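Structure file my_file23.txt (compact mmCIF, C-alpha atoms) is printed below.
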# COMPACT_ATOMS: atom_id res chain seq x y z
CA MET A 268 28.28 -16.16 22.30
CA SER A 269 29.68 -14.28 19.36
CA ALA A 270 27.70 -11.32 18.04
CA ALA A 271 28.08 -12.87 14.57
CA GLU A 272 26.05 -16.00 15.42
CA PRO A 273 22.49 -16.14 14.09
CA ARG A 274 19.82 -14.76 16.39
CA SER A 275 16.08 -15.40 16.47
CA ILE A 276 13.31 -12.96 17.27
CA VAL A 277 9.72 -14.04 17.70
CA LEU A 278 7.14 -11.28 17.61
CA LEU A 279 3.99 -12.51 19.37
CA ARG A 280 0.81 -10.47 19.36
CA HIS A 281 -1.31 -10.81 22.49
CA ALA A 282 -4.27 -13.16 22.23
CA LYS A 283 -7.89 -11.99 21.82
CA ALA A 284 -8.84 -9.56 24.54
CA ASP A 285 -12.18 -8.88 26.15
CA TRP A 286 -13.77 -5.40 26.30
CA PRO A 287 -14.99 -4.91 29.89
CA GLN A 288 -15.35 -1.45 31.41
CA VAL A 289 -11.67 -1.08 32.31
CA SER A 290 -8.81 0.96 30.89
CA ASP A 291 -7.18 -0.36 27.71
CA HIS A 292 -4.05 -1.30 29.68
CA GLU A 293 -6.08 -3.48 32.07
CA ARG A 294 -8.15 -5.39 29.48
CA PRO A 295 -8.07 -9.16 30.17
CA LEU A 296 -8.09 -11.99 27.66
CA ALA A 297 -11.38 -13.29 26.35
CA GLU A 298 -12.11 -17.01 26.70
CA ARG A 299 -11.03 -17.54 23.07
CA GLY A 300 -7.84 -15.62 23.82
CA ARG A 301 -6.95 -17.93 26.69
CA LYS A 302 -7.37 -20.95 24.42
CA ASP A 303 -5.41 -19.37 21.54
CA ALA A 304 -2.54 -18.30 23.84
CA ALA A 305 -1.99 -21.90 24.94
CA VAL A 306 -2.11 -23.09 21.31
CA ALA A 307 0.40 -20.38 20.36
CA GLY A 308 2.65 -21.64 23.16
CA ARG A 309 2.52 -25.16 21.74
CA LYS A 310 3.34 -23.82 18.25
CA LEU A 311 6.25 -21.84 19.74
CA ALA A 312 7.50 -25.03 21.40
CA ASP A 313 7.32 -26.75 17.99
CA THR A 314 9.85 -24.24 16.60
CA GLY A 315 12.52 -25.79 18.81
CA ILE A 316 13.82 -22.34 19.80
CA THR A 317 15.06 -21.95 23.35
CA PHE A 318 14.35 -18.35 24.27
CA ASP A 319 16.92 -16.57 26.40
CA LEU A 320 14.75 -13.51 27.01
CA ALA A 321 11.10 -12.52 26.83
CA LEU A 322 10.21 -8.83 26.52
CA CYS A 323 6.57 -8.41 27.41
CA SER A 324 4.33 -5.35 27.40
CA THR A 325 2.99 -4.45 30.83
CA ALA A 326 -0.63 -4.59 29.59
CA ASN A 327 -2.77 -7.20 31.29
CA ARG A 328 -3.64 -9.02 28.03
CA THR A 329 0.02 -9.44 27.04
CA ARG A 330 1.00 -10.67 30.51
CA GLU A 331 -1.86 -13.20 30.41
CA THR A 332 -0.91 -14.31 26.89
CA TRP A 333 2.69 -14.88 27.93
CA LYS A 334 1.74 -16.70 31.13
CA LEU A 335 -0.36 -19.19 29.13
CA ALA A 336 2.11 -19.53 26.22
CA VAL A 337 5.27 -19.96 28.31
CA HIS A 338 3.63 -22.79 30.23
CA GLU A 339 3.85 -24.83 27.01
CA LEU A 340 7.62 -24.28 26.56
CA ALA A 341 10.27 -26.69 27.84
CA HIS A 342 12.39 -23.78 29.11
CA ARG A 343 11.11 -20.63 30.81
CA PRO A 344 13.26 -17.66 29.75
CA LYS A 345 14.03 -14.61 31.83
CA THR A 346 11.01 -12.32 31.40
CA VAL A 347 11.18 -8.53 31.49
CA TYR A 348 7.90 -6.62 31.63
CA GLU A 349 8.72 -3.55 29.60
CA GLU A 350 6.43 -0.49 29.68
CA ARG A 351 7.88 0.79 26.40
CA VAL A 352 6.41 -2.18 24.49
CA TYR A 353 2.83 -1.04 25.25
CA GLU A 354 1.46 0.96 22.28
CA ALA A 355 4.96 1.08 20.76
CA SER A 356 5.72 1.91 17.15
CA PRO A 357 8.07 -0.34 15.16
CA GLY A 358 10.88 2.19 15.69
CA GLU A 359 10.32 2.19 19.44
CA LEU A 360 10.36 -1.61 19.47
CA ILE A 361 13.63 -1.66 17.54
CA ALA A 362 15.10 0.71 20.15
CA VAL A 363 14.06 -1.71 22.93
CA LEU A 364 15.55 -4.69 21.07
CA ASN A 365 18.78 -2.73 20.39
CA GLU A 366 19.36 -2.71 24.17
CA THR A 367 19.43 -6.51 24.37
CA PRO A 368 22.76 -7.81 25.70
CA ASP A 369 24.82 -9.62 23.07
CA ASP A 370 25.02 -12.79 25.16
CA VAL A 371 21.28 -13.21 24.46
CA ARG A 372 20.69 -15.24 21.32
CA ASN A 373 16.91 -15.72 21.08
CA VAL A 374 14.25 -13.20 22.11
CA ILE A 375 10.48 -13.29 22.15
CA LEU A 376 8.64 -9.98 22.25
CA ILE A 377 5.00 -10.05 23.34
CA GLY A 378 3.23 -6.90 22.20
CA HIS A 379 0.43 -5.21 20.32
CA ASN A 380 -0.66 -4.30 16.83
CA PRO A 381 -0.03 -2.32 14.76
CA GLY A 382 3.52 -2.21 16.19
CA VAL A 383 4.24 -5.95 16.10
CA HIS A 384 3.03 -6.41 12.52
CA GLY A 385 4.83 -3.27 11.41
CA LEU A 386 8.04 -4.42 13.07
CA ALA A 387 7.90 -7.83 11.38
CA ASP A 388 7.39 -6.12 8.01
CA ILE A 389 10.12 -3.52 8.55
CA LEU A 390 12.77 -5.93 9.84
CA SER A 391 12.27 -8.60 7.19
CA GLY A 392 14.36 -7.73 4.17
CA ALA A 393 13.83 -11.29 2.98
CA ALA A 394 11.31 -14.04 3.62
CA GLU A 395 11.29 -17.81 3.28
CA GLY A 396 8.61 -19.41 1.13
CA ASP A 397 5.21 -17.79 1.46
CA ALA A 398 5.70 -16.53 5.04
CA ARG A 399 5.35 -12.84 4.09
CA ASP A 400 2.25 -13.46 1.99
CA ARG A 401 0.61 -15.46 4.79
CA MET A 402 1.48 -12.79 7.36
CA ASN A 403 0.20 -9.89 5.30
CA SER A 404 -2.94 -11.63 4.06
CA ARG A 405 -4.10 -12.30 7.62
CA GLY A 406 -3.24 -8.87 9.03
CA PHE A 407 -1.41 -10.40 12.02
CA PRO A 408 -4.40 -11.50 14.13
CA ALA A 409 -4.43 -11.93 17.89
CA ALA A 410 -2.10 -14.72 19.14
CA GLY A 411 -0.24 -14.74 15.82
CA PHE A 412 3.55 -14.72 15.71
CA ALA A 413 6.35 -14.07 13.26
CA LEU A 414 9.72 -15.82 13.49
CA LEU A 415 12.67 -13.81 12.20
CA SER A 416 16.41 -14.35 12.22
CA PHE A 417 19.39 -12.10 11.67
CA ASP A 418 23.17 -12.10 12.10
CA GLY A 419 25.11 -9.59 14.11
CA PRO A 420 24.82 -7.67 17.36
CA TRP A 421 21.49 -6.47 18.75
CA LYS A 422 22.66 -2.89 18.28
CA GLY A 423 22.80 -3.67 14.56
CA LEU A 424 19.13 -4.66 14.36
CA GLU A 425 17.55 -2.26 11.89
CA PRO A 426 15.06 -2.26 9.01
CA GLY A 427 15.72 -4.93 6.40
CA VAL A 428 18.42 -6.96 8.19
CA ALA A 429 16.28 -9.96 9.18
CA THR A 430 14.73 -12.87 7.35
CA LEU A 431 11.12 -13.78 8.03
CA ARG A 432 11.45 -17.54 8.59
CA ASP A 433 7.86 -18.37 9.49
CA TYR A 434 4.50 -16.97 10.45
CA TRP A 435 1.66 -18.60 12.37
CA ALA A 436 -1.80 -17.49 13.46
CA PRO A 437 -4.67 -19.40 15.02
CA ALA A 438 -7.55 -20.53 12.84
CA GLU A 439 -10.40 -18.07 12.81
Could the structure of this file be written out as C-alpha cells, please?
Amino acid sequence: MSAAEPRSIVLLRHAKADWPQVSDHERPLAERGRKDAAVAGRKLADTGITFDLALCSTANRTRETWKLAVHELAHRPKTVYEERVYEASPGELIAVLNETPDDVRNVILIGHNPGVHGLADILSGAAEGDARDRMNSRGFPAAGFALLSFDGPWKGLEPGVATLRDYWAPAE
C-alpha cells in the first residue's frame, strides 16, 4: 500500500460502564453497555470498512466493548491492547497512531473520553455534512464513534489533517 492512499480511523468510545467497588481500570460494562457495544459493532459493519488494526485500551470496559463489537464484523483485525490508550490525551493518542506501520490502511482505536472526543475534534480539519455538529451536540457518549479519513503516512497524522466523515452514537 502506498502512503498516499486514503486511510480511515474510527475512534470508538467504550460502552457504558458499571460502577462496582473495583479500580477504574477494572470497571466492567453495565448491561446497557453490553447491548450498545453490539449495536455499535453492527453500525461499524455497516460502514463497509475492513479494519487492518485495532488499538484498544487495556481497561476492562474497553476490552469488553471491543469483544462485543468485533463479533459483529465480517473480518477480525489484528488487535493490540495498548496501555498508553488508557486515560490518554489527544496528543498521546496521536503519538500512538503515528507508530502505525504504513502497510496498515484502516485503524479502529477503542478508548476513553475526554481523549477520544478531543482527538476527533483536533484531527478533523474538515467535516462532511452535519457530522461535527452531531458529534459535538451529543458530547461523544459511551459506545459512540467517529469515522475520519486522511491521506498520507501515519507519521503525518497531526491536528487538522483529517476529514470527519461520520459520527454515530446509540440512542439515549
Rank nothing, just name the residue among A:Arg299, A:His338, A:Arg330, A:Lys345 nearest to Val374 (chain A), using all atoms listed in the file.
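Between A:Arg299, A:His338, A:Arg330, A:Lys345, the residue approaching Val374 (chain A) most closely is A:Lys345.
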In Å to one decimal, how far is CA of Gly411 (chain A) from CA of Thr367 (chain A)?
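About the pair CA of Thr367 (chain A) and CA of Gly411 (chain A): they are 23.0 Å apart.
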Taking only C-alpha atoms into account, name the residue in A:Trp421, A:Tyr348, A:Trp286, A:Phe407 that is nearest to Leu376 (chain A).
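Among the listed residues, the smallest separation from Leu376 (chain A) belongs to A:Tyr348.
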d(CA of Ala398 (chain A), CA of Ala436 (chain A)) in Å
11.3 Å
Extract, using all atoms listed in the file, all DNA, RNA and protein residues at most 9 Å from Asp285 (chain A), discarding same-chain residues fewer than 2 positions from it, and format them as an mmCIF file with C-alpha atoms, keeping the file's coordinate frame.
data_model
loop_
_atom_site.group_PDB
_atom_site.id
_atom_site.type_symbol
_atom_site.label_atom_id
_atom_site.label_comp_id
_atom_site.auth_asym_id
_atom_site.auth_seq_id
_atom_site.Cartn_x
_atom_site.Cartn_y
_atom_site.Cartn_z
ATOM 1 C CA LYS A 283 -7.890 -11.990 21.820
ATOM 2 C CA PRO A 287 -14.990 -4.910 29.890
ATOM 3 C CA ARG A 294 -8.150 -5.390 29.480
ATOM 4 C CA PRO A 295 -8.070 -9.160 30.170
ATOM 5 C CA LEU A 296 -8.090 -11.990 27.660
ATOM 6 C CA ALA A 297 -11.380 -13.290 26.350
ATOM 7 C CA GLU A 298 -12.110 -17.010 26.700
ATOM 8 C CA GLY A 300 -7.840 -15.620 23.820
ATOM 9 C CA ARG A 328 -3.640 -9.020 28.030
#
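Take CA of Ile276 (chain A) and CA of Glu366 (chain A): the distance between them is 13.8 Å.
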Which residue gives the smallest distance to Phe412 (chain A) among A:His342, A:Arg301, A:Arg399, A:Arg280, with all atoms listed in the file counted?
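Checking each of A:His342, A:Arg301, A:Arg399, A:Arg280 against Phe412 (chain A), counting all atoms listed in the file, the winner is A:Arg280.
Across A:Asn380, A:Thr317, A:Asn403, A:Ser356, the tightest approach to Arg343 (chain A) is made by A:Thr317 when counting all atoms listed in the file.
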Kindly provide, as AutoDock Vina command-line options, the centre and edge lengths (Å, one decimal) of an axis-aligned box around all atoms of region 328-337 of chain A given in the file, with 4 Å on each side.
--center_x 0.8 --center_y -14.5 --center_z 28.7 --size_x 16.9 --size_y 18.9 --size_z 12.9
Nearest to Glu395 (chain A) by atom-to-atom distance, counting only C-alpha atoms, from A:Ala413, A:Leu424, A:Ala305, A:Ala282:
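Smallest distance to Glu395 (chain A) is found for A:Ala413.
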Residue with the minimum atom-to-atom distance to Ala362 (chain A), picked from A:Ala284, A:Leu386, A:Ala304, A:Ile375 with only C-alpha atoms counted, is A:Leu386
Within 12 Å of region 351-355 of chain A: each region 274-331 of chain A residue with its shortest pair, only C-alpha atoms, as CSV:
residue,atom,partner,partner_atom,distance
A:Leu278,CA,A:Val352,CA,11.4
A:Leu279,CA,A:Val352,CA,11.8
A:Arg280,CA,A:Val352,CA,11.2
A:His281,CA,A:Tyr353,CA,11.0
A:Asp291,CA,A:Glu354,CA,10.3
A:His292,CA,A:Tyr353,CA,8.2
A:Glu293,CA,A:Tyr353,CA,11.5
A:Ala321,CA,A:Val352,CA,11.6
A:Leu322,CA,A:Val352,CA,7.9
A:Cys323,CA,A:Val352,CA,6.9
A:Ser324,CA,A:Val352,CA,4.8
A:Thr325,CA,A:Tyr353,CA,6.5
A:Ala326,CA,A:Tyr353,CA,6.6
A:Asn327,CA,A:Tyr353,CA,10.3
A:Arg328,CA,A:Tyr353,CA,10.6
A:Thr329,CA,A:Tyr353,CA,9.0
A:Arg330,CA,A:Tyr353,CA,11.1
